[in-house]
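Chemist: Got a structure for you, work_31.txt, holding compact mmCIF, C-alpha atoms.
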# COMPACT_ATOMS: atom_id res chain seq x y z
CA MET F 1 80.55 -4.88 -53.41
CA SER F 2 80.53 -7.08 -56.52
CA PRO F 3 77.45 -9.19 -57.38
CA LYS F 4 79.41 -12.35 -56.63
CA ALA F 5 80.41 -11.11 -53.14
CA ARG F 6 76.81 -10.03 -52.44
CA GLU F 7 75.61 -13.47 -53.52
CA SER F 8 78.07 -15.10 -51.12
CA VAL F 9 76.95 -12.85 -48.26
CA ILE F 10 73.26 -13.66 -48.87
CA THR F 11 73.99 -17.42 -49.09
CA SER F 12 76.05 -17.37 -45.89
CA VAL F 13 73.47 -15.32 -43.95
CA VAL F 14 70.66 -17.68 -45.01
CA LEU F 15 72.77 -20.67 -43.93
CA LEU F 16 73.60 -19.04 -40.58
CA ILE F 17 69.89 -18.32 -39.95
CA ILE F 18 69.07 -22.00 -40.65
CA TYR F 19 71.88 -23.12 -38.29
CA GLY F 20 70.52 -20.75 -35.62
CA PHE F 21 67.00 -22.16 -36.02
CA LEU F 22 68.28 -25.74 -35.76
CA PHE F 23 70.44 -24.84 -32.75
CA ALA F 24 67.34 -23.39 -31.07
CA GLN F 25 65.61 -26.73 -31.75
CA THR F 26 68.36 -28.56 -29.85
CA MET F 27 67.70 -26.42 -26.75
CA GLY F 28 64.50 -28.40 -26.16
CA MET F 29 66.31 -31.74 -26.34
CA PRO F 30 67.93 -33.64 -23.46
CA SER F 31 71.68 -33.04 -23.29
CA THR F 32 72.85 -36.41 -24.66
CA PRO F 33 70.91 -36.46 -27.97
CA ALA F 34 71.53 -32.70 -28.41
CA LEU F 35 75.32 -32.99 -28.13
CA PHE F 36 76.25 -34.26 -31.60
CA PRO F 37 73.87 -31.94 -33.55
CA ARG F 38 75.26 -28.99 -31.57
CA VAL F 39 78.83 -30.01 -32.42
CA CYS F 40 77.87 -30.26 -36.10
CA LEU F 41 76.08 -26.90 -36.05
CA ILE F 42 79.00 -25.12 -34.35
CA LEU F 43 81.39 -26.68 -36.89
CA LEU F 44 79.10 -25.58 -39.74
CA THR F 45 78.88 -22.05 -38.35
CA VAL F 46 82.67 -21.75 -38.15
CA LEU F 47 83.13 -23.14 -41.67
CA THR F 48 80.43 -20.88 -43.12
CA VAL F 49 82.05 -17.81 -41.56
CA ILE F 50 85.40 -18.89 -43.03
CA MET F 51 83.74 -19.39 -46.44
CA LEU F 52 82.13 -15.95 -46.21
CA TYR F 53 85.44 -14.31 -45.29
CA LEU F 54 87.32 -16.05 -48.12
CA ASP F 55 84.64 -15.25 -50.72
CA VAL F 56 84.29 -11.60 -49.72
CA ARG F 57 88.08 -11.17 -49.73
CA LYS F 58 88.26 -12.85 -53.13
CA TYR F 59 85.39 -11.01 -54.84
CA ALA F 60 85.09 -7.68 -52.94
CA LYS F 61 87.25 -5.76 -55.39
CA ASP F 62 86.58 -7.93 -58.41
CA HIS F 63 83.61 -6.06 -59.90
CA ASP F 64 83.87 -8.08 -63.11
CA ALA F 65 83.06 -11.31 -61.28
CA GLU F 66 79.60 -12.28 -62.52
CA SER F 67 76.91 -13.60 -60.23
CA GLY F 68 76.22 -17.29 -60.69
CA VAL F 69 72.48 -16.83 -60.05
CA HIS F 70 70.28 -15.30 -62.74
CA TRP F 71 66.54 -15.43 -62.10
CA LYS F 72 65.82 -15.94 -65.79
CA GLU F 73 68.00 -19.06 -65.78
CA ILE F 74 66.75 -20.61 -62.56
CA ALA F 75 63.03 -19.84 -63.07
CA VAL F 76 62.42 -22.91 -65.26
CA PRO F 77 64.30 -25.36 -62.94
CA LEU F 78 62.36 -23.93 -59.98
CA VAL F 79 59.07 -24.53 -61.81
CA ALA F 80 60.27 -28.10 -62.53
CA PHE F 81 61.02 -28.56 -58.82
CA ALA F 82 57.56 -27.20 -57.93
CA ALA F 83 56.06 -29.70 -60.41
CA ILE F 84 57.88 -32.54 -58.61
CA VAL F 85 56.45 -31.32 -55.28
CA VAL F 86 52.96 -31.26 -56.85
CA TYR F 87 53.61 -34.80 -58.13
CA ALA F 88 54.40 -35.93 -54.57
CA VAL F 89 51.12 -34.37 -53.35
CA LEU F 90 49.14 -35.96 -56.22
CA PHE F 91 50.85 -39.28 -55.42
CA ASP F 92 49.40 -39.17 -51.89
CA LEU F 93 45.97 -38.00 -53.02
CA PHE F 94 45.27 -40.12 -56.12
CA GLY F 95 47.84 -42.93 -56.06
CA TYR F 96 50.96 -43.78 -58.06
CA PHE F 97 49.61 -44.50 -61.55
CA PRO F 98 47.31 -41.46 -62.05
CA ALA F 99 49.90 -39.08 -60.55
CA THR F 100 52.73 -40.53 -62.66
CA ALA F 101 50.65 -40.37 -65.85
CA VAL F 102 49.79 -36.72 -65.22
CA MET F 103 53.42 -35.85 -64.44
CA LEU F 104 54.86 -37.66 -67.47
CA VAL F 105 52.37 -36.10 -69.88
CA GLY F 106 52.84 -32.66 -68.30
CA PHE F 107 56.64 -32.80 -68.46
CA MET F 108 56.67 -34.02 -72.06
CA ILE F 109 54.26 -31.28 -73.17
CA ALA F 110 56.33 -28.67 -71.31
CA LEU F 111 59.50 -29.95 -72.98
CA LYS F 112 57.80 -29.79 -76.41
CA VAL F 113 57.87 -33.52 -77.12
CA LYS F 114 56.00 -34.30 -80.34
CA PRO F 115 53.90 -35.97 -81.73
CA TRP F 116 51.05 -36.58 -79.25
CA TRP F 117 50.92 -40.33 -79.87
CA LEU F 118 54.55 -40.61 -78.70
CA ILE F 119 53.60 -38.95 -75.41
CA LEU F 120 50.71 -41.37 -74.96
CA ALA F 121 52.81 -44.38 -75.99
CA ILE F 122 55.64 -43.55 -73.55
CA THR F 123 53.19 -42.94 -70.69
CA ALA F 124 51.19 -46.10 -71.37
CA GLY F 125 54.33 -48.20 -71.93
CA TYR F 126 55.92 -47.00 -68.69
CA ALA F 127 52.76 -47.62 -66.66
CA LEU F 128 52.35 -51.07 -68.22
CA PHE F 129 55.99 -52.01 -67.50
CA ILE F 130 55.76 -50.92 -63.86
CA TYR F 131 52.39 -52.66 -63.43
CA LEU F 132 53.54 -55.95 -64.94
CA MET F 133 56.92 -55.98 -63.17
CA PHE F 134 55.93 -54.87 -59.70
CA VAL F 135 52.21 -55.55 -59.29
CA VAL F 136 51.81 -58.73 -61.36
CA TRP F 137 55.23 -60.40 -61.15
CA LEU F 138 56.73 -59.24 -57.84
CA LYS F 139 53.38 -58.79 -56.03
CA VAL F 140 54.37 -55.38 -54.65
CA SER F 141 51.42 -53.19 -53.69
CA ILE F 142 51.87 -49.80 -55.35
CA ILE F 143 49.69 -47.08 -53.86
CA MET Y 144 87.42 -80.97 -45.60
CA SER Y 145 90.31 -79.05 -47.17
CA LEU Y 146 89.92 -75.80 -49.13
CA THR Y 147 90.55 -77.59 -52.42
CA GLN Y 148 87.88 -80.18 -51.70
CA MET Y 149 85.42 -77.44 -50.75
CA LEU Y 150 86.16 -75.55 -53.99
CA LEU Y 151 85.67 -78.68 -56.07
CA SER Y 152 82.42 -79.45 -54.27
CA ALA Y 153 81.16 -75.88 -54.84
CA ALA Y 154 82.19 -75.99 -58.52
CA ALA Y 155 80.35 -79.30 -58.97
CA GLN Y 156 77.17 -77.72 -57.61
CA LEU Y 157 77.63 -74.51 -59.60
CA PHE Y 158 78.18 -76.02 -63.04
CA THR Y 159 74.75 -77.59 -63.33
CA TRP Y 160 72.00 -76.47 -65.70
CA ASP Y 161 69.85 -75.37 -62.77
CA CYS Y 162 72.52 -73.11 -61.31
CA LEU Y 163 73.74 -71.71 -64.62
CA SER Y 164 70.21 -70.86 -65.82
CA VAL Y 165 69.25 -69.06 -62.59
CA LEU Y 166 72.66 -67.36 -62.66
CA ILE Y 167 71.91 -65.84 -66.07
CA ILE Y 168 68.36 -64.89 -65.03
CA GLY Y 169 69.67 -63.38 -61.80
CA VAL Y 170 72.35 -61.35 -63.55
CA VAL Y 171 69.90 -59.90 -66.11
CA ALA Y 172 67.19 -59.21 -63.50
CA GLY Y 173 69.75 -57.67 -61.14
CA MET Y 174 71.07 -55.36 -63.85
CA ILE Y 175 67.53 -54.21 -64.68
CA VAL Y 176 66.61 -53.60 -61.03
CA GLY Y 177 69.98 -51.95 -60.33
CA ALA Y 178 69.55 -49.63 -63.28
CA LEU Y 179 66.19 -48.44 -61.94
CA PRO Y 180 66.92 -45.48 -59.66
CA GLY Y 181 65.25 -46.00 -56.30
CA LEU Y 182 65.60 -49.76 -56.23
CA SER Y 183 68.78 -50.85 -54.44
CA ALA Y 184 70.55 -54.20 -54.56
CA SER Y 185 69.18 -55.21 -51.15
CA MET Y 186 65.65 -54.38 -52.35
CA ALA Y 187 66.25 -56.60 -55.40
CA VAL Y 188 67.22 -59.45 -53.09
CA ALA Y 189 64.20 -58.79 -50.87
CA LEU Y 190 61.89 -58.83 -53.90
CA LEU Y 191 63.33 -62.10 -55.20
CA VAL Y 192 63.50 -64.00 -51.90
CA PRO Y 193 59.91 -65.36 -52.29
CA LEU Y 194 60.81 -66.74 -55.74
CA THR Y 195 63.70 -68.75 -54.28
CA PHE Y 196 61.59 -70.49 -51.61
CA LYS Y 197 60.72 -73.38 -53.92
CA MET Y 198 64.26 -73.76 -55.29
CA ASP Y 199 67.03 -76.06 -54.06
CA PRO Y 200 69.53 -74.29 -51.75
CA ALA Y 201 72.37 -74.01 -54.30
CA PRO Y 202 70.37 -72.47 -57.20
CA GLY Y 203 68.50 -70.23 -54.74
CA LEU Y 204 71.69 -68.86 -53.23
CA VAL Y 205 73.29 -68.49 -56.68
CA MET Y 206 70.28 -66.48 -57.89
CA LEU Y 207 70.28 -64.17 -54.86
CA THR Y 208 74.05 -63.61 -55.07
CA ALA Y 209 73.83 -62.96 -58.82
CA VAL Y 210 70.97 -60.50 -58.35
CA TYR Y 211 72.79 -58.64 -55.58
CA THR Y 212 76.15 -58.29 -57.33
CA SER Y 213 74.73 -57.45 -60.77
CA ALA Y 214 72.32 -54.91 -59.24
CA ILE Y 215 75.31 -53.10 -57.74
CA TYR Y 216 76.88 -53.02 -61.22
CA GLY Y 217 73.56 -52.17 -62.94
CA GLY Y 218 73.38 -48.94 -60.96
CA SER Y 219 76.46 -47.66 -62.79
CA VAL Y 220 74.72 -47.85 -66.20
CA THR Y 221 72.26 -45.06 -65.40
CA ALA Y 222 74.96 -43.30 -63.36
CA CYS Y 223 77.11 -43.05 -66.49
CA LEU Y 224 74.36 -42.35 -69.02
CA ILE Y 225 71.85 -40.07 -67.26
CA HIS Y 226 73.77 -38.95 -64.15
CA THR Y 227 71.36 -40.80 -61.89
CA PRO Y 228 72.95 -43.64 -59.91
CA GLY Y 229 70.68 -46.67 -59.84
CA THR Y 230 72.16 -47.79 -56.52
CA PRO Y 231 73.91 -45.84 -53.74
CA ALA Y 232 77.16 -47.69 -54.55
CA SER Y 233 77.24 -46.03 -57.99
CA ALA Y 234 77.11 -42.45 -56.70
CA ALA Y 235 80.83 -41.88 -57.38
CA THR Y 236 80.52 -43.47 -60.85
CA ALA Y 237 78.09 -40.71 -61.86
CA MET Y 238 80.72 -38.04 -61.23
CA ASP Y 239 83.21 -39.57 -63.67
CA GLY Y 240 80.90 -41.44 -66.04
CA PHE Y 241 78.44 -38.69 -67.01
CA PRO Y 242 81.10 -36.20 -68.19
CA LEU Y 243 82.37 -38.97 -70.51
CA THR Y 244 78.81 -39.49 -71.80
CA LYS Y 245 78.49 -35.76 -72.50
CA LYS Y 246 81.65 -36.02 -74.59
CA GLY Y 247 80.06 -38.78 -76.67
CA LYS Y 248 81.89 -41.61 -74.91
CA GLY Y 249 78.97 -43.06 -72.97
CA LEU Y 250 79.52 -46.62 -74.13
CA LYS Y 251 83.19 -46.40 -73.18
CA ALA Y 252 82.17 -45.17 -69.71
CA VAL Y 253 79.80 -48.11 -69.31
CA GLY Y 254 82.52 -50.45 -70.63
CA ILE Y 255 85.08 -49.18 -68.12
CA SER Y 256 82.51 -49.50 -65.35
CA THR Y 257 81.67 -53.05 -66.45
CA ILE Y 258 85.29 -54.20 -66.53
CA SER Y 259 86.10 -52.43 -63.24
CA SER Y 260 83.06 -54.03 -61.58
CA MET Y 261 84.10 -57.45 -62.89
CA ILE Y 262 87.68 -57.07 -61.61
CA GLY Y 263 86.52 -55.71 -58.24
CA GLY Y 264 83.82 -58.37 -57.87
CA THR Y 265 86.20 -61.21 -58.73
CA LEU Y 266 88.92 -59.97 -56.36
CA SER Y 267 86.33 -59.51 -53.59
CA ALA Y 268 84.98 -63.02 -54.13
CA VAL Y 269 88.49 -64.49 -53.98
CA ALA Y 270 89.26 -62.42 -50.87
CA LEU Y 271 86.02 -63.58 -49.25
CA LEU Y 272 86.93 -67.16 -49.99
CA VAL Y 273 90.56 -67.01 -48.89
CA ILE Y 274 91.07 -64.34 -46.22
CA ALA Y 275 87.58 -63.78 -44.76
CA PRO Y 276 88.17 -65.99 -41.67
CA GLN Y 277 91.46 -64.22 -40.87
CA LEU Y 278 89.87 -60.83 -41.56
CA ALA Y 279 87.01 -61.66 -39.19
CA LYS Y 280 89.56 -62.31 -36.42
CA VAL Y 281 91.20 -58.92 -37.08
CA SER Y 282 87.81 -57.17 -37.06
CA LEU Y 283 87.17 -58.51 -33.55
CA TRP Y 284 90.15 -56.46 -32.32
CA PHE Y 285 88.43 -53.26 -33.51
CA SER Y 286 87.47 -50.95 -30.67
CA SER Y 287 85.92 -47.47 -30.56
CA LEU Y 288 89.35 -45.96 -31.34
CA GLU Y 289 89.64 -47.85 -34.63
CA TYR Y 290 86.04 -46.99 -35.57
CA PHE Y 291 86.79 -43.32 -34.89
CA LEU Y 292 89.89 -43.47 -37.10
CA LEU Y 293 87.84 -45.21 -39.80
CA ALA Y 294 85.31 -42.35 -39.67
CA CYS Y 295 88.19 -39.84 -39.88
CA PHE Y 296 89.50 -41.72 -42.92
CA GLY Y 297 86.04 -41.42 -44.51
CA LEU Y 298 86.00 -37.70 -43.88
CA THR Y 299 89.45 -37.26 -45.44
CA ILE Y 300 87.91 -38.49 -48.71
CA ILE Y 301 86.10 -35.12 -48.75
CA GLY Y 302 89.51 -33.52 -49.25
CA SER Y 303 90.08 -35.43 -52.48
CA MET Y 304 86.53 -34.80 -53.73
CA SER Y 305 86.21 -31.08 -52.98
CA GLY Y 306 88.86 -29.96 -55.47
CA GLU Y 307 89.96 -26.35 -55.14
CA ASN Y 308 87.42 -25.27 -52.52
CA MET Y 309 88.23 -27.23 -49.39
CA VAL Y 310 85.93 -25.18 -47.10
CA LYS Y 311 82.85 -25.89 -49.21
CA GLY Y 312 83.80 -29.57 -49.25
CA LEU Y 313 84.07 -29.59 -45.46
CA ILE Y 314 80.70 -27.77 -45.18
CA SER Y 315 79.16 -30.50 -47.37
CA GLY Y 316 80.69 -33.17 -45.13
CA ALA Y 317 79.46 -31.45 -41.95
CA LEU Y 318 75.98 -31.07 -43.49
CA GLY Y 319 76.03 -34.81 -44.18
CA LEU Y 320 76.87 -35.45 -40.50
CA LEU Y 321 74.03 -33.10 -39.46
CA PHE Y 322 71.52 -34.85 -41.75
CA GLY Y 323 72.70 -38.10 -40.19
CA THR Y 324 71.42 -36.90 -36.82
CA VAL Y 325 67.82 -36.66 -38.10
CA GLY Y 326 65.67 -39.38 -36.54
CA MET Y 327 65.62 -41.38 -33.35
CA ASP Y 328 68.78 -41.07 -31.23
CA LEU Y 329 70.21 -44.59 -30.89
CA LEU Y 330 71.25 -44.17 -27.24
CA SER Y 331 68.32 -42.29 -25.73
CA GLY Y 332 65.51 -42.94 -28.25
CA TYR Y 333 64.78 -39.20 -28.46
CA PRO Y 334 63.53 -38.04 -31.90
CA ARG Y 335 65.79 -35.30 -33.32
CA PHE Y 336 64.71 -32.78 -36.00
CA THR Y 337 61.63 -34.83 -36.94
CA PHE Y 338 59.16 -31.92 -36.50
CA GLY Y 339 56.42 -34.41 -35.65
CA ILE Y 340 56.78 -36.30 -38.94
CA ILE Y 341 56.75 -40.00 -38.01
CA PRO Y 342 58.57 -41.36 -41.14
CA LEU Y 343 61.53 -39.09 -40.29
CA GLU Y 344 62.01 -40.93 -36.98
CA SER Y 345 63.87 -43.69 -38.83
CA GLY Y 346 66.19 -41.04 -40.27
CA ILE Y 347 66.79 -39.90 -43.84
CA GLN Y 348 67.02 -43.04 -45.96
CA LEU Y 349 69.86 -43.34 -48.45
CA VAL Y 350 67.76 -44.07 -51.55
CA PRO Y 351 65.39 -41.04 -51.29
CA ALA Y 352 68.39 -38.84 -50.43
CA MET Y 353 70.26 -40.12 -53.46
CA ILE Y 354 67.27 -39.58 -55.77
CA GLY Y 355 66.90 -36.05 -54.43
CA LEU Y 356 70.60 -35.24 -54.79
CA PHE Y 357 71.23 -36.81 -58.18
CA ALA Y 358 68.01 -37.54 -60.08
CA ILE Y 359 65.98 -34.43 -59.23
CA SER Y 360 68.96 -32.11 -59.62
CA GLN Y 361 69.67 -33.68 -63.02
CA VAL Y 362 66.01 -33.23 -64.02
CA MET Y 363 66.29 -29.53 -63.14
CA ILE Y 364 69.54 -29.14 -65.12
CA SER Y 365 68.07 -30.99 -68.13
CA VAL Y 366 64.85 -28.95 -68.05
CA GLU Y 367 66.88 -25.73 -68.02
CA GLU Y 368 69.01 -26.91 -70.96
CA LEU Y 369 66.05 -28.18 -72.98
CA ARG Y 370 63.99 -25.02 -72.44
CA GLY Y 371 67.07 -23.01 -73.39
CA GLY Y 372 67.02 -24.60 -76.81
CA GLN Y 373 69.55 -27.39 -76.27
CA THR Y 374 68.05 -30.56 -77.69
CA LYS Y 375 70.89 -32.99 -77.03
CA ILE Y 376 72.62 -34.14 -73.85
CA LEU Y 377 75.87 -34.64 -75.74
CA GLU Y 378 78.28 -31.74 -76.08
CA GLY Y 379 79.81 -33.23 -79.22
CA SER Y 380 79.24 -36.14 -81.57
CA VAL Y 381 79.38 -39.76 -80.51
CA LYS Y 382 83.05 -40.59 -80.90
CA ASP Y 383 83.44 -44.17 -79.80
CA LEU Y 384 80.87 -46.90 -80.06
CA ALA Y 385 83.21 -49.59 -78.71
CA LEU Y 386 81.95 -50.99 -75.42
CA CYS Y 387 85.31 -52.49 -74.58
CA CYS Y 388 88.16 -50.34 -73.33
CA THR Y 389 91.92 -50.52 -73.44
CA ALA Y 390 94.37 -50.96 -70.58
CA GLY Y 391 95.14 -47.25 -70.94
CA ASP Y 392 91.49 -46.36 -70.21
CA LEU Y 393 91.65 -48.29 -66.97
CA SER Y 394 94.92 -46.74 -65.76
CA LEU Y 395 94.78 -43.98 -63.17
Go ahead and render the structure in this file as structure tokens.
Modeler:
Amino acid sequence: MSPKARESVITSVVLLIIYGFLFAQTMGMPSTPALFPRVCLILLTVLTVIMLYLDVRKYAKDHDAESGVHWKEIAVPLVAFAAIVVYAVLFDLFGYFPATAVMLVGFMIALKVKPWWLILAITAGYALFIYLMFVVWLKVSII
Amino acid sequence: MSLTQMLLSAAAQLFTWDCLSVLIIGVVAGMIVGALPGLSASMAVALLVPLTFKMDPAPGLVMLTAVYTSAIYGGSVTACLIHTPGTPASAATAMDGFPLTKKGKGLKAVGISTISSMIGGTLSAVALLVIAPQLAKVSLWFSSLEYFLLACFGLTIIGSMSGENMVKGLISGALGLLFGTVGMDLLSGYPRFTFGIIPLESGIQLVPAMIGLFAISQVMISVEELRGGQTKILEGSVKDLALCCTAGDLSL
């Protein structure tokens, strides 16, 4: 099996497991609210099986087809996503302005923005703009 | 009062210094708010409602209308330039506008969006003025059958958007329908797929979903490109600094 076909199989199996889990969730619901999610999940299951069949048929013999997922390539985006999740946690714990300042400085350092005064100026300017526009002018309470 | 008399009366109220000044302020403020991802046009109106309390009715309504319409347009600026729609209405603009920006034609993309928004906005305003009463009568004939067909029409759009891989397009559409079921069921009031999280009971809101789908995914793509040594968003040089576009640019 080519890497591309294996990738499609893994993706489809993961999706089918998620559909199964969500379908199990609908078993605890009354029949009326459970109806539409069940219809959607059955439709998704059928479509995913069709996608799996088409992909495997297309790539099974094509050993030159390269996998679209390379861990080296997706490691950095995954770290960026984790940083956004941490930002959301910091947002709840310390409030908007400290969390945003930490995230902006962290991202700019990680992306090799230089010099240091530019990092500070962008962070301070952004915080000042948001504070003046929303807190002072529009009287919106930002956490 | 005839339609002509009503138009003349409205024009007399519009072309005053009060109305024109708040119109300009509203347009600029709406474009800024619309360009900020996460703030929709209705939020812009909600934020500015307290400011209009002390105004006369005509300037107040002009300001709110200007803010709403320009915020819808403002969303397309960031949609074209950084692939992050400022408002949900600009989601489709990001798909066409950002590839133009990557080719160095960002200003042209914004120009086309501006002119298209102006044409669409003007035609809509004229339609609202002229055929809205008749259209309202037609809408009263709509029953569940017509709503179902309207939903089917919406789903057929997936066909035009999914390109070569129709099945993946249909899976995306079905996933959208499934995500739409998250929250309180309208008929029975039963919370679906909330997992005990109270904010999810009102469903998945459009603005956070849009930020997750467009802004965060674009951040991840940009981070990958920047860490890989690419220092510019553009694939080539900036080719056209003209904001205006020709009739050929606007043709299908």
Chemist: For a quick check of your reading of the model, name the residues lying within 12 Å of the coordinate (76.6, -14.3, -44.3), counting all atoms listed in the file, and write them as an MDAnalysis selection string.
Modeler: chainID F and resid 5:19 45:56
Chemist: List every protein, DNA or RNA residue that has at least one atom no more than 8 Å from (63.0, -31.9, -31.8) in the file's coordinates, counting all atoms listed in the file, and write the result as an mmCIF file with C-alpha atoms, in the frame of the given file.
Modeler:
data_model
loop_
_atom_site.group_PDB
_atom_site.id
_atom_site.type_symbol
_atom_site.label_atom_id
_atom_site.label_comp_id
_atom_site.auth_asym_id
_atom_site.auth_seq_id
_atom_site.Cartn_x
_atom_site.Cartn_y
_atom_site.Cartn_z
ATOM 1 C CA GLN F 25 65.610 -26.730 -31.750
ATOM 2 C CA THR F 26 68.360 -28.560 -29.850
ATOM 3 C CA GLY F 28 64.500 -28.400 -26.160
ATOM 4 C CA MET F 29 66.310 -31.740 -26.340
ATOM 5 C CA PRO Y 334 63.530 -38.040 -31.900
ATOM 6 C CA ARG Y 335 65.790 -35.300 -33.320
ATOM 7 C CA PHE Y 336 64.710 -32.780 -36.000
ATOM 8 C CA THR Y 337 61.630 -34.830 -36.940
ATOM 9 C CA PHE Y 338 59.160 -31.920 -36.500
#
Chemist: Choose the residue, out of F:Met103, F:Ala24, F:Leu44, F:Ile119, that has the smallest atom-to-atom separation from chain Y; count all atoms listed in the file.
Modeler: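 Closest to chain Y of all the choices is F:Leu44.
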Chemist: Any idea which chain F residues end up within 6 Å of chain Y if we count all atoms listed in the file, as a short mmCIF file (atom, residue, chain, number, x, y, z; two decimals) with C-alpha atoms, in the frame of the given file please?
Modeler:
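Generated output (out17.cif):
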data_model
loop_
_atom_site.label_atom_id
_atom_site.label_comp_id
_atom_site.auth_asym_id
_atom_site.auth_seq_id
_atom_site.Cartn_x
_atom_site.Cartn_y
_atom_site.Cartn_z
CA CYS F 40 77.87 -30.26 -36.10
CA VAL F 76 62.42 -22.91 -65.26
CA PRO F 77 64.30 -25.36 -62.94
#
Chemist: Mind pulling up the distance from atom CA of Ala201 of chain Y to atom CA of Met149 of chain Y?
Modeler: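 Interatomic distance, atom CA of Met149 of chain Y to atom CA of Ala201 of chain Y: 14.0 Å.
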Chemist: List as a list in words the protein and nucleic acid residues near segment 122-127 of chain F, meaning an atom at most 9 Å away when only C-alpha atoms are counted, but skip any in the same chain fewer than 5 places from it.
Modeler: Phe97, Thr100, Ala101, Val102, Leu104, Val105, Trp117 and Leu132 of chain F
Chemist: Atom CA of Phe296 of chain Y to atom CA of Ala222 of chain Y: how many Å, to one decimal?
Modeler: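 Pair atom CA of Phe296 of chain Y / atom CA of Ala222 of chain Y returns 25.1 Å.
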Chemist: Separation of atom CA of Met198 of chain Y and atom CA of Pro180 of chain Y, in Å?
Modeler: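 Spanning atom CA of Met198 of chain Y to atom CA of Pro180 of chain Y is a straight-line distance of 28.7 Å.
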Chemist: Nearest to Leu150 of chain Y among Y:Val253, Y:Met304, Y:Val269, Y:Ala352, with distances taken over only C-alpha atoms: which residue is it?
Modeler: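 Going through Y:Val253, Y:Met304, Y:Val269, Y:Ala352 one by one, the smallest distance to Leu150 of chain Y is for Y:Val269.
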Chemist: When you look at segment 227-236 of chain Y with a cut-off of 9 Å (counting all atoms listed in the file), what residues show up, excluding the ones that are within fewer than 3 positions of it in the same chain? I need them as an MDAnalysis selection string.
Modeler: chainID Y and resid 176:184 214:224 239:241 256 349:350 353:354 357:359 361
Chemist: Complete the atom set of segment 6-20 of chain F to N, CA and C atoms and return it as a CSV table (one decimal), in the coordinates of the input.
Modeler:
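Output file selection-v4.csv is given in full below:
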chain,number,residue,atom,x,y,z
F,6,ARG,N,78.1,-10.2,-53.0
F,6,ARG,CA,76.8,-10.0,-52.4
F,6,ARG,C,76.1,-11.4,-52.4
F,7,GLU,N,76.2,-12.1,-53.5
F,7,GLU,CA,75.6,-13.5,-53.5
F,7,GLU,C,76.2,-14.4,-52.4
F,8,SER,N,77.5,-14.3,-52.2
F,8,SER,CA,78.1,-15.1,-51.1
F,8,SER,C,77.6,-14.7,-49.7
F,9,VAL,N,77.4,-13.4,-49.6
F,9,VAL,CA,77.0,-12.8,-48.3
F,9,VAL,C,75.5,-13.3,-48.0
F,10,ILE,N,74.7,-13.2,-49.0
F,10,ILE,CA,73.3,-13.7,-48.9
F,10,ILE,C,73.2,-15.2,-48.5
F,11,THR,N,74.0,-16.0,-49.3
F,11,THR,CA,74.0,-17.4,-49.1
F,11,THR,C,74.4,-17.7,-47.7
F,12,SER,N,75.5,-17.1,-47.2
F,12,SER,CA,76.0,-17.4,-45.9
F,12,SER,C,75.1,-17.0,-44.8
F,13,VAL,N,74.4,-15.8,-45.0
F,13,VAL,CA,73.5,-15.3,-44.0
F,13,VAL,C,72.3,-16.3,-43.9
F,14,VAL,N,71.8,-16.7,-45.0
F,14,VAL,CA,70.7,-17.7,-45.0
F,14,VAL,C,71.1,-19.0,-44.3
F,15,LEU,N,72.3,-19.4,-44.6
F,15,LEU,CA,72.8,-20.7,-43.9
F,15,LEU,C,72.9,-20.5,-42.4
F,16,LEU,N,73.4,-19.3,-42.0
F,16,LEU,CA,73.6,-19.0,-40.6
F,16,LEU,C,72.2,-19.0,-39.9
F,17,ILE,N,71.2,-18.4,-40.6
F,17,ILE,CA,69.9,-18.3,-40.0
F,17,ILE,C,69.3,-19.7,-39.8
F,18,ILE,N,69.6,-20.6,-40.8
F,18,ILE,CA,69.1,-22.0,-40.6
F,18,ILE,C,69.8,-22.7,-39.5
F,19,TYR,N,71.1,-22.5,-39.4
F,19,TYR,CA,71.9,-23.1,-38.3
F,19,TYR,C,71.3,-22.6,-36.9
F,20,GLY,N,71.0,-21.3,-36.9
F,20,GLY,CA,70.5,-20.8,-35.6
F,20,GLY,C,69.2,-21.4,-35.3
